[in-house]
Amino acid sequence: MKYKILLTGKNNAVVDDFFGRMNEKFESLTTSERFEDIANHLNYYKPDIFVYCLSYENKKNASQVASIRECLLYNGIPLALIGSEEECLNFIQRPVKDAELVMHKPISANEIESRIVDYLEEQQRLKEERIRAKHERIAQEKAAKKKHILVIDDDSRMLKLIKEYVHEEYDVATALNGKVAMKFLEKKRTDLILLDYEMPDEDGPAVLEKLRANEETKDIPVIFLTGTTERNKILKALSLKPQDYLLKPIQCDKLMEAITKHIGQKLTQDVVAQEAEKR
């Protein structure tokens with residue numbers, strides 16, 4: 001990989017080294033010290049770094065770079081200075097104020113090449129770290145915003161299947177019976193419950209009655225999952241006013257549609273209630 005270098009300045013010997021001794025690492029291009037030329041080259045050449053090869057630049061030339069500095073910063077292009085300690089110090093003190101990389105003469109072409117490559121590689125590493133950190137932060141924020149679902153079913157295979165269906169979009173907890181579910185809800189919150197109708201010891205309607213009788217859980221949306229088609233059982237379930245019921249075997253698309261619908265409705269109700277309290 002070759003780095004793109006945009007060069008300017010009166011030190012022709014150093015400029016020549018970029019085209020001769022450093023051409024294996026760098027693709028180099030020269031520009032004049034005029035503001036317009038530098039700006040145009042930055043726009044179409046898009047260098048990895050802008051290098052000013054100093055040789056007692058006059059105030060006018062130095063001020064040109066001061067004007068282009070804002071453009072360099074805006075485009076994220078670093079500035080490197082090559083010159084004697086006095087030249088660099090005067091140049092920085094007068095118009096530029098700072099530079100990402102300063103190299104003092106005497107300095108060999110090999111050392112210039114090494115310093116620039118090391119700097120650009122480090123900047124690339126830091127850039128990749130920032131991108132990775134950003135992606136991790138987005139993933140964490142997305143995970144934090146996930147709504148929570150509690151699935152109550154005595155069939156462990158059904159619990160595993162439902163969790164597989166919804167885990168990418170929702171945080172999922174499972175319980176094999178109502179007793180375990182109520183213990184869970186004593187300590188944690190959930191945004192929606194998927195409740196099996198037929199379970200030993202305590203069936204779905206009995207669990208729903210407990211949920212509705214508890215002040216902390218009475219407003220949690222509940223969707224019945226049932227394999228029964230018996231009219232009396234369905235009417236019993238509906239009399240308890242669940243938000244929905246789905247027939248087994250569960251279809252993934254219908255399940256996701258129902259979950260999204262009722263969590264969305266609950267969210268809307270909560271917002272309306274909050275607004276009413278503010279009034």
# chains A, B, ... in the order shown; residues from 1 in each chain; ligands from 1
$ residues_around --residues "Tyr52 in chain A" --least-positions-apart "4" --cutoff "9 Å" --atoms "only C-alpha atoms" --output "count of residues only"
12
$ residues_around --residues "Ile193 in chain A" --least-positions-apart "4" --cutoff "7 Å" --atoms "only C-alpha atoms" --output "list in words"
Ile149, Leu150, Val151, Pro221, Val222 and Ile223 of chain A
$ closest_residue --among "A:Lys146, A:Lys236, A:Arg125, A:Lys2" --to "Ile263 in chain A" --atoms "only C-alpha atoms"
A:Lys146
$ select_by_dssp --residues "range 10-259 of chain A" --states "strand (DSSP E)" --output "PyMOL selection string"
chain A and resi 26-30+49-53+79-83+101-104+148-152+171-175+192-196+222-226+244-247
$ write_last_selection --atoms "C-alpha atoms" --output "PDB file, in the first residue's frame"
ATOM      1  CA  PHE A  26       4.616   7.084  -1.134  1.00  0.00           C
ATOM      2  CA  GLU A  27       2.692   8.305  -4.134  1.00  0.00           C
ATOM      3  CA  SER A  28       3.748  11.940  -4.156  1.00  0.00           C
ATOM      4  CA  LEU A  29       2.381  15.081  -5.778  1.00  0.00           C
ATOM      5  CA  THR A  30       3.664  18.649  -5.517  1.00  0.00           C
ATOM      6  CA  ILE A  49      -0.969  13.760   4.660  1.00  0.00           C
ATOM      7  CA  PHE A  50       0.092  17.263   3.602  1.00  0.00           C
ATOM      8  CA  VAL A  51       3.859  17.849   3.943  1.00  0.00           C
ATOM      9  CA  TYR A  52       5.428  21.304   4.027  1.00  0.00           C
ATOM     10  CA  CYS A  53       9.154  21.161   3.218  1.00  0.00           C
ATOM     11  CA  LEU A  79      -0.031  18.489   8.488  1.00  0.00           C
ATOM     12  CA  ALA A  80       3.655  17.529   8.615  1.00  0.00           C
ATOM     13  CA  LEU A  81       6.532  20.012   8.727  1.00  0.00           C
ATOM     14  CA  ILE A  82      10.094  19.232   7.673  1.00  0.00           C
ATOM     15  CA  GLY A  83      12.730  21.858   8.423  1.00  0.00           C
ATOM     16  CA  LEU A 101       4.079  15.792  12.744  1.00  0.00           C
ATOM     17  CA  VAL A 102       7.257  17.909  12.981  1.00  0.00           C
ATOM     18  CA  MET A 103      10.605  16.606  11.707  1.00  0.00           C
ATOM     19  CA  HIS A 104      13.789  18.592  12.233  1.00  0.00           C
ATOM     20  CA  HIS A 148     -38.449  -7.975  27.249  1.00  0.00           C
ATOM     21  CA  ILE A 149     -40.697 -11.004  26.809  1.00  0.00           C
ATOM     22  CA  LEU A 150     -41.541 -13.685  29.378  1.00  0.00           C
ATOM     23  CA  VAL A 151     -42.652 -17.044  27.976  1.00  0.00           C
ATOM     24  CA  ILE A 152     -44.587 -19.394  30.284  1.00  0.00           C
ATOM     25  CA  ASP A 171     -34.758 -10.164  25.372  1.00  0.00           C
ATOM     26  CA  VAL A 172     -36.411 -13.415  26.410  1.00  0.00           C
ATOM     27  CA  ALA A 173     -36.923 -15.134  29.771  1.00  0.00           C
ATOM     28  CA  THR A 174     -38.685 -18.478  30.162  1.00  0.00           C
ATOM     29  CA  ALA A 175     -40.648 -20.186  32.927  1.00  0.00           C
ATOM     30  CA  LEU A 192     -45.164  -8.828  27.376  1.00  0.00           C
ATOM     31  CA  ILE A 193     -46.057 -12.368  28.426  1.00  0.00           C
ATOM     32  CA  LEU A 194     -46.598 -15.353  26.138  1.00  0.00           C
ATOM     33  CA  LEU A 195     -48.734 -17.770  28.169  1.00  0.00           C
ATOM     34  CA  ASP A 196     -49.497 -21.400  27.433  1.00  0.00           C
ATOM     35  CA  VAL A 222     -50.616 -11.233  27.698  1.00  0.00           C
ATOM     36  CA  ILE A 223     -50.915 -13.404  24.602  1.00  0.00           C
ATOM     37  CA  PHE A 224     -52.306 -16.898  25.038  1.00  0.00           C
ATOM     38  CA  LEU A 225     -50.633 -19.742  23.163  1.00  0.00           C
ATOM     39  CA  THR A 226     -53.086 -22.585  22.854  1.00  0.00           C
ATOM     40  CA  ASP A 244     -54.463 -11.878  21.952  1.00  0.00           C
ATOM     41  CA  TYR A 245     -54.314 -15.613  21.489  1.00  0.00           C
ATOM     42  CA  LEU A 246     -52.452 -17.714  18.939  1.00  0.00           C
ATOM     43  CA  LEU A 247     -53.039 -21.314  17.976  1.00  0.00           C
TER      44      LEU A 247
END
$ atom_distance --atom1 "CA of Lys127 in chain A" --atom2 "CA of Gly76 in chain A"
11.2 Å
$ atom_distance --atom1 "CA of Leu238 in chain A" --atom2 "CA of Pro205 in chain A"
9.3 Å
$ closest_residue --among "A:Ala237, A:Ala39, A:Ile138, A:Ile5" --to "Pro78 in chain A" --atoms "only C-alpha atoms"
A:Ile5
$ select_by_dssp --residues "range 56-269 of chain A" --states "helix (DSSP H, G or I)" --output "number ranges by chain"
A: 59-75, 85-96, 109-145, 156-166, 178-187, 204-213, 231-239, 252-269
$ atom_distance --atom1 "CA of Arg212 in chain A" --atom2 "CA of Arg157 in chain A"
27.3 Å
$ closest_residue --among "A:Ile250, A:Tyr56, A:Met1, A:Ser32" --to "Leu161 in chain A" --atoms "only C-alpha atoms"
A:Ile250
$ closest_residue --among "A:Leu54, A:Phe184, A:Leu72, A:Asp48" --to "Phe91 in chain A" --atoms "only C-alpha atoms"
A:Leu54
$ residues_around --residues "Lys218 in chain A" --least-positions-apart "4" --cutoff "12 Å" --atoms "only C-alpha atoms" --output "PDB file with N, CA, C and O atoms, in the first residue's frame"
ATOM      1  N   LEU A 185     -41.308 -12.306  38.278  1.00  0.00           N
ATOM      2  CA  LEU A 185     -41.892 -10.968  38.179  1.00  0.00           C
ATOM      3  C   LEU A 185     -41.834 -10.196  39.495  1.00  0.00           C
ATOM      4  O   LEU A 185     -42.059  -8.989  39.511  1.00  0.00           O
ATOM      5  N   THR A 190     -41.206  -7.172  32.798  1.00  0.00           N
ATOM      6  CA  THR A 190     -41.291  -7.653  31.424  1.00  0.00           C
ATOM      7  C   THR A 190     -42.283  -6.788  30.670  1.00  0.00           C
ATOM      8  O   THR A 190     -43.160  -6.149  31.269  1.00  0.00           O
ATOM      9  N   ASP A 191     -42.131  -6.744  29.354  1.00  0.00           N
ATOM     10  CA  ASP A 191     -43.007  -5.910  28.535  1.00  0.00           C
ATOM     11  C   ASP A 191     -44.182  -6.681  27.946  1.00  0.00           C
ATOM     12  O   ASP A 191     -45.175  -6.076  27.530  1.00  0.00           O
ATOM     13  N   LEU A 192     -44.083  -8.005  27.931  1.00  0.00           N
ATOM     14  CA  LEU A 192     -45.164  -8.828  27.376  1.00  0.00           C
ATOM     15  C   LEU A 192     -44.975 -10.271  27.828  1.00  0.00           C
ATOM     16  O   LEU A 192     -43.842 -10.734  28.000  1.00  0.00           O
ATOM     17  N   ILE A 193     -46.100 -10.961  28.006  1.00  0.00           N
ATOM     18  CA  ILE A 193     -46.057 -12.368  28.426  1.00  0.00           C
ATOM     19  C   ILE A 193     -46.717 -13.237  27.362  1.00  0.00           C
ATOM     20  O   ILE A 193     -47.829 -12.945  26.904  1.00  0.00           O
ATOM     21  N   VAL A 207     -53.167 -18.623  35.803  1.00  0.00           N
ATOM     22  CA  VAL A 207     -51.997 -17.746  35.888  1.00  0.00           C
ATOM     23  C   VAL A 207     -52.388 -16.319  35.519  1.00  0.00           C
ATOM     24  O   VAL A 207     -51.993 -15.354  36.184  1.00  0.00           O
ATOM     25  N   LEU A 208     -53.212 -16.176  34.471  1.00  0.00           N
ATOM     26  CA  LEU A 208     -53.626 -14.849  34.049  1.00  0.00           C
ATOM     27  C   LEU A 208     -54.461 -14.150  35.129  1.00  0.00           C
ATOM     28  O   LEU A 208     -54.325 -12.943  35.339  1.00  0.00           O
ATOM     29  N   GLU A 209     -55.305 -14.903  35.816  1.00  0.00           N
ATOM     30  CA  GLU A 209     -56.086 -14.323  36.918  1.00  0.00           C
ATOM     31  C   GLU A 209     -55.164 -13.757  37.991  1.00  0.00           C
ATOM     32  O   GLU A 209     -55.413 -12.664  38.541  1.00  0.00           O
ATOM     33  N   LYS A 210     -54.094 -14.480  38.308  1.00  0.00           N
ATOM     34  CA  LYS A 210     -53.120 -13.985  39.296  1.00  0.00           C
ATOM     35  C   LYS A 210     -52.421 -12.721  38.802  1.00  0.00           C
ATOM     36  O   LYS A 210     -52.189 -11.777  39.568  1.00  0.00           O
ATOM     37  N   LEU A 211     -52.091 -12.732  37.529  1.00  0.00           N
ATOM     38  CA  LEU A 211     -51.424 -11.559  36.957  1.00  0.00           C
ATOM     39  C   LEU A 211     -52.325 -10.332  37.038  1.00  0.00           C
ATOM     40  O   LEU A 211     -51.888  -9.238  37.405  1.00  0.00           O
ATOM     41  N   ARG A 212     -53.598 -10.511  36.697  1.00  0.00           N
ATOM     42  CA  ARG A 212     -54.534  -9.384  36.696  1.00  0.00           C
ATOM     43  C   ARG A 212     -54.865  -8.915  38.116  1.00  0.00           C
ATOM     44  O   ARG A 212     -55.204  -7.749  38.334  1.00  0.00           O
ATOM     45  N   ALA A 213     -54.750  -9.800  39.084  1.00  0.00           N
ATOM     46  CA  ALA A 213     -55.065  -9.441  40.471  1.00  0.00           C
ATOM     47  C   ALA A 213     -53.908  -8.741  41.166  1.00  0.00           C
ATOM     48  O   ALA A 213     -54.081  -8.156  42.235  1.00  0.00           O
ATOM     49  N   ASN A 214     -52.725  -8.787  40.559  1.00  0.00           N
ATOM     50  CA  ASN A 214     -51.533  -8.187  41.146  1.00  0.00           C
ATOM     51  C   ASN A 214     -51.336  -6.781  40.574  1.00  0.00           C
ATOM     52  O   ASN A 214     -51.283  -6.593  39.357  1.00  0.00           O
ATOM     53  N   VAL A 222     -50.733  -9.779  27.679  1.00  0.00           N
ATOM     54  CA  VAL A 222     -50.616 -11.233  27.698  1.00  0.00           C
ATOM     55  C   VAL A 222     -51.203 -11.806  26.411  1.00  0.00           C
ATOM     56  O   VAL A 222     -52.310 -11.441  25.999  1.00  0.00           O
ATOM     57  N   LEU A 240     -61.088 -13.435  30.236  1.00  0.00           N
ATOM     58  CA  LEU A 240     -60.065 -12.824  31.087  1.00  0.00           C
ATOM     59  C   LEU A 240     -59.371 -11.655  30.385  1.00  0.00           C
ATOM     60  O   LEU A 240     -58.467 -11.045  30.938  1.00  0.00           O
ATOM     61  N   LYS A 241     -59.806 -11.387  29.150  1.00  0.00           N
ATOM     62  CA  LYS A 241     -59.328 -10.248  28.364  1.00  0.00           C
ATOM     63  C   LYS A 241     -57.802 -10.228  28.143  1.00  0.00           C
ATOM     64  O   LYS A 241     -57.125  -9.240  28.451  1.00  0.00           O
ATOM     65  N   PRO A 242     -57.279 -11.326  27.594  1.00  0.00           N
ATOM     66  CA  PRO A 242     -55.880 -11.259  27.157  1.00  0.00           C
ATOM     67  C   PRO A 242     -55.792 -10.343  25.943  1.00  0.00           C
ATOM     68  O   PRO A 242     -56.809 -10.057  25.301  1.00  0.00           O
TER      69      PRO A 242
END
$ closest_residue --among "A:Asn110, A:Gln243, A:Asn40, A:Gln251" --to "Lys266 in chain A" --atoms "only C-alpha atoms"
A:Gln243
